[in-house]
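Novice: This one is work_22.txt, compact mmCIF, C-alpha atoms.
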# COMPACT_ATOMS: atom_id res chain seq x y z
CA MET S 429 91.79 109.46 81.93
CA ILE S 430 94.45 108.59 84.47
CA LEU S 431 97.96 107.44 83.56
CA GLY S 432 100.13 105.87 86.25
CA SER S 433 102.64 103.23 87.24
CA LEU S 434 102.78 100.57 89.92
CA ALA S 435 106.23 101.98 90.75
CA THR S 436 104.60 105.09 92.29
CA TRP S 437 101.29 103.55 93.34
CA LYS S 438 102.04 103.51 97.08
CA ASP S 439 102.30 107.31 96.97
CA ASP S 440 99.48 107.90 94.49
CA HIS S 441 96.74 105.59 95.77
CA LYS S 442 95.56 107.98 98.50
CA PHE S 443 94.24 110.33 95.78
CA GLU S 444 92.15 107.72 93.93
CA HIS S 445 88.57 106.48 94.22
CA LYS S 446 88.13 103.26 96.23
CA ALA S 447 87.04 101.32 93.11
CA ILE S 448 90.25 102.26 91.28
CA ILE S 449 92.28 101.34 94.37
CA GLU S 450 90.58 97.94 94.45
CA ALA S 451 91.27 97.44 90.74
CA ILE S 452 94.97 98.32 91.03
CA GLU S 453 95.35 96.10 94.10
CA ALA S 454 93.71 93.27 92.12
CA ILE S 455 96.17 93.89 89.28
CA GLN S 456 99.08 93.58 91.72
CA GLY S 457 97.75 90.23 92.92
CA ILE S 458 97.04 88.91 89.42
CA VAL S 459 100.46 89.77 87.98
CA SER S 460 102.38 88.46 91.02
CA ASP S 461 101.85 84.96 89.55
CA PRO S 462 101.98 85.17 85.73
CA PRO S 463 98.36 84.82 84.63
CA SER S 464 97.04 82.78 81.72
CA PRO S 465 94.90 84.52 79.10
CA GLY S 466 91.22 84.74 79.94
CA ARG S 467 88.85 86.19 82.50
CA VAL S 468 89.92 86.62 86.12
CA GLU S 469 87.09 87.05 88.62
CA ILE S 470 87.38 89.92 91.09
CA ARG S 471 83.75 90.88 91.98
CA GLY S 472 81.66 89.10 89.38
CA ASP S 473 80.24 91.49 86.80
CA GLU S 474 80.95 94.52 89.02
CA MET S 475 84.70 94.15 88.49
CA TYR S 476 86.67 91.57 86.56
CA ALA S 477 89.90 91.35 84.58
CA SER S 478 90.70 90.02 81.12
CA VAL S 479 94.26 88.82 80.53
CA MET S 480 95.25 89.15 76.86
CA GLU S 481 98.12 88.20 74.60
CA LEU S 482 97.91 90.00 71.29
CA GLU S 483 99.83 91.43 68.39
CA ALA S 484 99.90 95.24 68.56
CA LYS S 485 98.57 96.76 65.34
CA PRO S 486 99.81 99.66 63.23
CA PHE S 487 97.95 102.94 63.84
CA ALA S 488 96.10 102.79 60.50
CA GLU S 489 94.57 99.42 61.37
CA GLN S 490 93.04 100.23 64.76
CA VAL S 491 89.76 102.01 65.46
CA ALA S 492 88.93 103.77 68.72
CA GLU S 493 86.38 102.61 71.28
CA LYS S 494 84.23 104.05 74.02
CA HIS S 495 82.31 102.33 76.80
CA GLU S 496 79.25 103.36 78.81
CA ALA S 497 78.72 100.69 81.46
CA TYR S 498 82.36 100.00 82.41
CA ILE S 499 85.51 101.92 83.19
CA ASP S 500 88.67 100.30 81.80
CA VAL S 501 91.97 99.97 83.65
CA HIS S 502 94.59 98.86 81.08
CA TYR S 503 97.80 97.42 82.57
CA LEU S 504 100.76 96.40 80.44
CA ILE S 505 102.50 93.21 81.57
CA GLU S 506 105.00 92.69 78.71
CA GLY S 507 106.02 94.48 75.54
CA GLU S 508 105.36 98.06 74.51
CA GLU S 509 101.96 99.44 73.61
CA ILE S 510 100.64 102.73 72.36
CA ILE S 511 97.13 103.70 73.38
CA GLY S 512 95.45 106.62 71.67
CA TRP S 513 93.23 108.81 73.87
CA SER S 514 90.86 111.67 73.16
CA PRO S 515 88.00 113.14 75.19
CA ALA S 516 84.43 112.66 74.00
CA GLU S 517 83.44 116.29 73.50
CA GLY S 518 80.06 115.56 71.94
CA GLY S 519 79.16 115.32 68.30
CA GLU S 520 81.47 112.36 67.56
CA GLN S 521 79.76 109.94 65.22
CA PRO S 522 80.53 106.25 65.80
CA VAL S 523 81.49 104.07 62.85
CA GLN S 524 79.76 101.28 64.77
CA SER S 525 76.87 102.21 67.06
CA TYR S 526 76.87 101.32 70.73
CA ASP S 527 76.56 97.59 71.36
CA GLU S 528 74.96 97.26 74.80
CA GLU S 529 75.90 93.60 75.24
CA GLY S 530 79.56 94.22 74.40
CA ASP S 531 79.55 97.72 76.00
CA TYR S 532 81.32 99.53 73.20
CA ALA S 533 80.91 101.88 70.27
CA LEU S 534 83.68 102.25 67.68
CA TYR S 535 85.05 105.53 66.30
CA GLN S 536 87.57 106.78 63.80
CA PRO S 537 90.59 108.31 65.56
CA SER S 538 90.24 111.97 66.44
CA ASP S 539 92.67 114.61 65.18
CA LYS S 540 92.90 115.59 68.88
CA GLU S 541 94.13 112.12 69.86
CA VAL S 542 97.12 111.91 72.20
CA LYS S 543 99.28 108.79 71.99
CA LEU S 544 100.24 107.25 75.33
CA ALA S 545 103.43 105.17 75.25
CA MET S 546 102.88 102.32 77.68
CA LYS S 547 105.75 100.35 79.22
CA PRO S 548 105.44 97.27 81.47
CA GLY S 549 104.17 98.27 84.91
CA MET S 550 102.13 101.22 83.63
CA PHE S 551 98.36 101.53 83.77
CA ALA S 552 95.79 103.80 82.15
CA VAL S 553 92.22 104.36 83.36
CA PHE S 554 89.57 105.24 80.77
CA PHE S 555 86.19 106.60 81.84
CA PRO S 556 82.96 106.64 79.78
CA HIS S 557 83.85 110.11 78.44
CA ASP S 558 87.22 108.84 77.15
CA ILE S 559 87.61 107.53 73.62
CA HIS S 560 90.62 105.23 73.47
CA ARG S 561 92.47 103.17 70.88
CA PRO S 562 94.43 100.36 72.57
CA GLY S 563 96.72 97.70 71.17
CA MET S 564 98.91 99.74 68.84
CA ALA S 565 102.65 99.93 68.17
CA GLU S 566 105.05 101.58 65.73
CA GLN S 567 105.94 98.07 64.50
CA PRO S 568 103.77 94.99 65.04
CA ALA S 569 104.85 93.36 68.28
CA ALA S 570 103.52 90.88 70.84
CA ILE S 571 102.15 92.32 74.05
CA ARG S 572 100.67 90.86 77.24
CA LYS S 573 98.23 93.03 79.12
CA LEU S 574 95.24 92.92 81.33
CA VAL S 575 92.19 95.09 81.39
CA VAL S 576 90.14 95.44 84.56
CA LYS S 577 86.51 96.34 83.91
CA ILE S 578 84.87 98.38 86.71
CA HIS S 579 81.10 98.84 86.45
CA VAL S 580 80.12 102.52 86.70
CA ASN S 581 77.73 101.69 89.58
CA MET S 582 80.78 101.22 91.80
CA PHE S 583 81.35 104.98 91.53
CA LYS S 584 77.85 105.96 92.66
CA SER S 585 78.40 105.51 96.40
Represent the structure from my file as structure tokens, please.
Specialist:
Amino acid sequence: MILGSLATWKDDHKFEHKAIIEAIEAIQGIVSDPPSPGRVEIRGDEMYASVMELEAKPFAEQVAEKHEAYIDVHYLIEGEEIIGWSPAEGGEQPVQSYDEEGDYALYQPSDKEVKLAMKPGMFAVFFPHDIHRPGMAEQPAAIRKLVVKIHVNMFKS
């Protein structure tokens, strides 16, 4: 998991993988002109973004998720969001088995979960070994965010 901010990106980017750099640069372009909800093409199914407007849920109402085929880059445009994160250490049992078409399995939150307080301009990168619980808040609130999906094959070269 990587947590960062566009405010420090010019200094941080030199330490990141080229696929993450491409994703963050795409985010900068997408948010420079307020995007409408929906899919934004970047590289077809290798890398694309989903712009979302949603109501953040209370902690008790949100399950965690994990992906295998894609790495997520969550970027908060407006509002405040809490994303739960815990490492997949093995032995976790999904409450909903892996759905290959949707690329997700669902889990109950871990007692080792760390809550990441996201503010506009911040991003979080979740790898296939990261279980994460996005879209939460202390009090229900509207948020605008985008999630860039990077296919794991982009990390193999």
Novice: Is it possible to get the residues within 10 Å of (106.8, 99.5, 61.9) (coordinates as in the file, counting all atoms listed in the file) written as a list of chain:residue names?
Specialist: S:Lys485, S:Pro486, S:Phe487, S:Ala565, S:Glu566, S:Gln567, S:Pro568, S:Ala569
Novice: Can you tell me which residues surround stretch 476-479 of chain S at a distance of at most 9 Å, considering only C-alpha atoms, apart from same-chain residues fewer than 3 positions away, and format the answer as a list in words?
Specialist: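 Neighbouring residues, sequence-local ones excluded: Ala451, Ala454, Ile455, Ile458, Pro463, Ser464, Pro465, Gly466, Arg467, Val468, Glu469, Ile470, Arg471, Gly472, Asp473, Val501, Arg572, Lys573, Leu574, Val575, Val576, Lys577 and Ile578 of chain S.
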Novice: From the set S:His557, S:Lys547, S:Lys540, S:Lys584, which residue has the shortest atom-to-atom contact distance to S:Gly518, counting only C-alpha atoms?
Specialist: S:His557
Novice: Kindly give the distance, in Å, that separates atom CA of S:Ile505 and atom CA of S:Gly530, rounded to a single decimal.
Specialist: 24.1 Å
Novice: Pick out the closest residue to S:Ala570 from this set: S:Leu504, S:Met582, S:Val523, S:Val553. Count all atoms listed in the file.
Specialist: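 Closest residue, counting all atoms listed in the file: S:Leu504.
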Novice: Would you compute the distance between atom CA of S:Ala516 and atom CA of S:Tyr532? Give it in Å to one decimal.
Specialist: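 Result for atom CA of S:Ala516 versus atom CA of S:Tyr532: 13.5 Å, one decimal.
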Novice: Report, in Å to a single decimal, how far apart atom CA of S:Ala484 and atom CA of S:Gln521 are.
Specialist: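 Distance reported for this atom pair: 25.2 Å.
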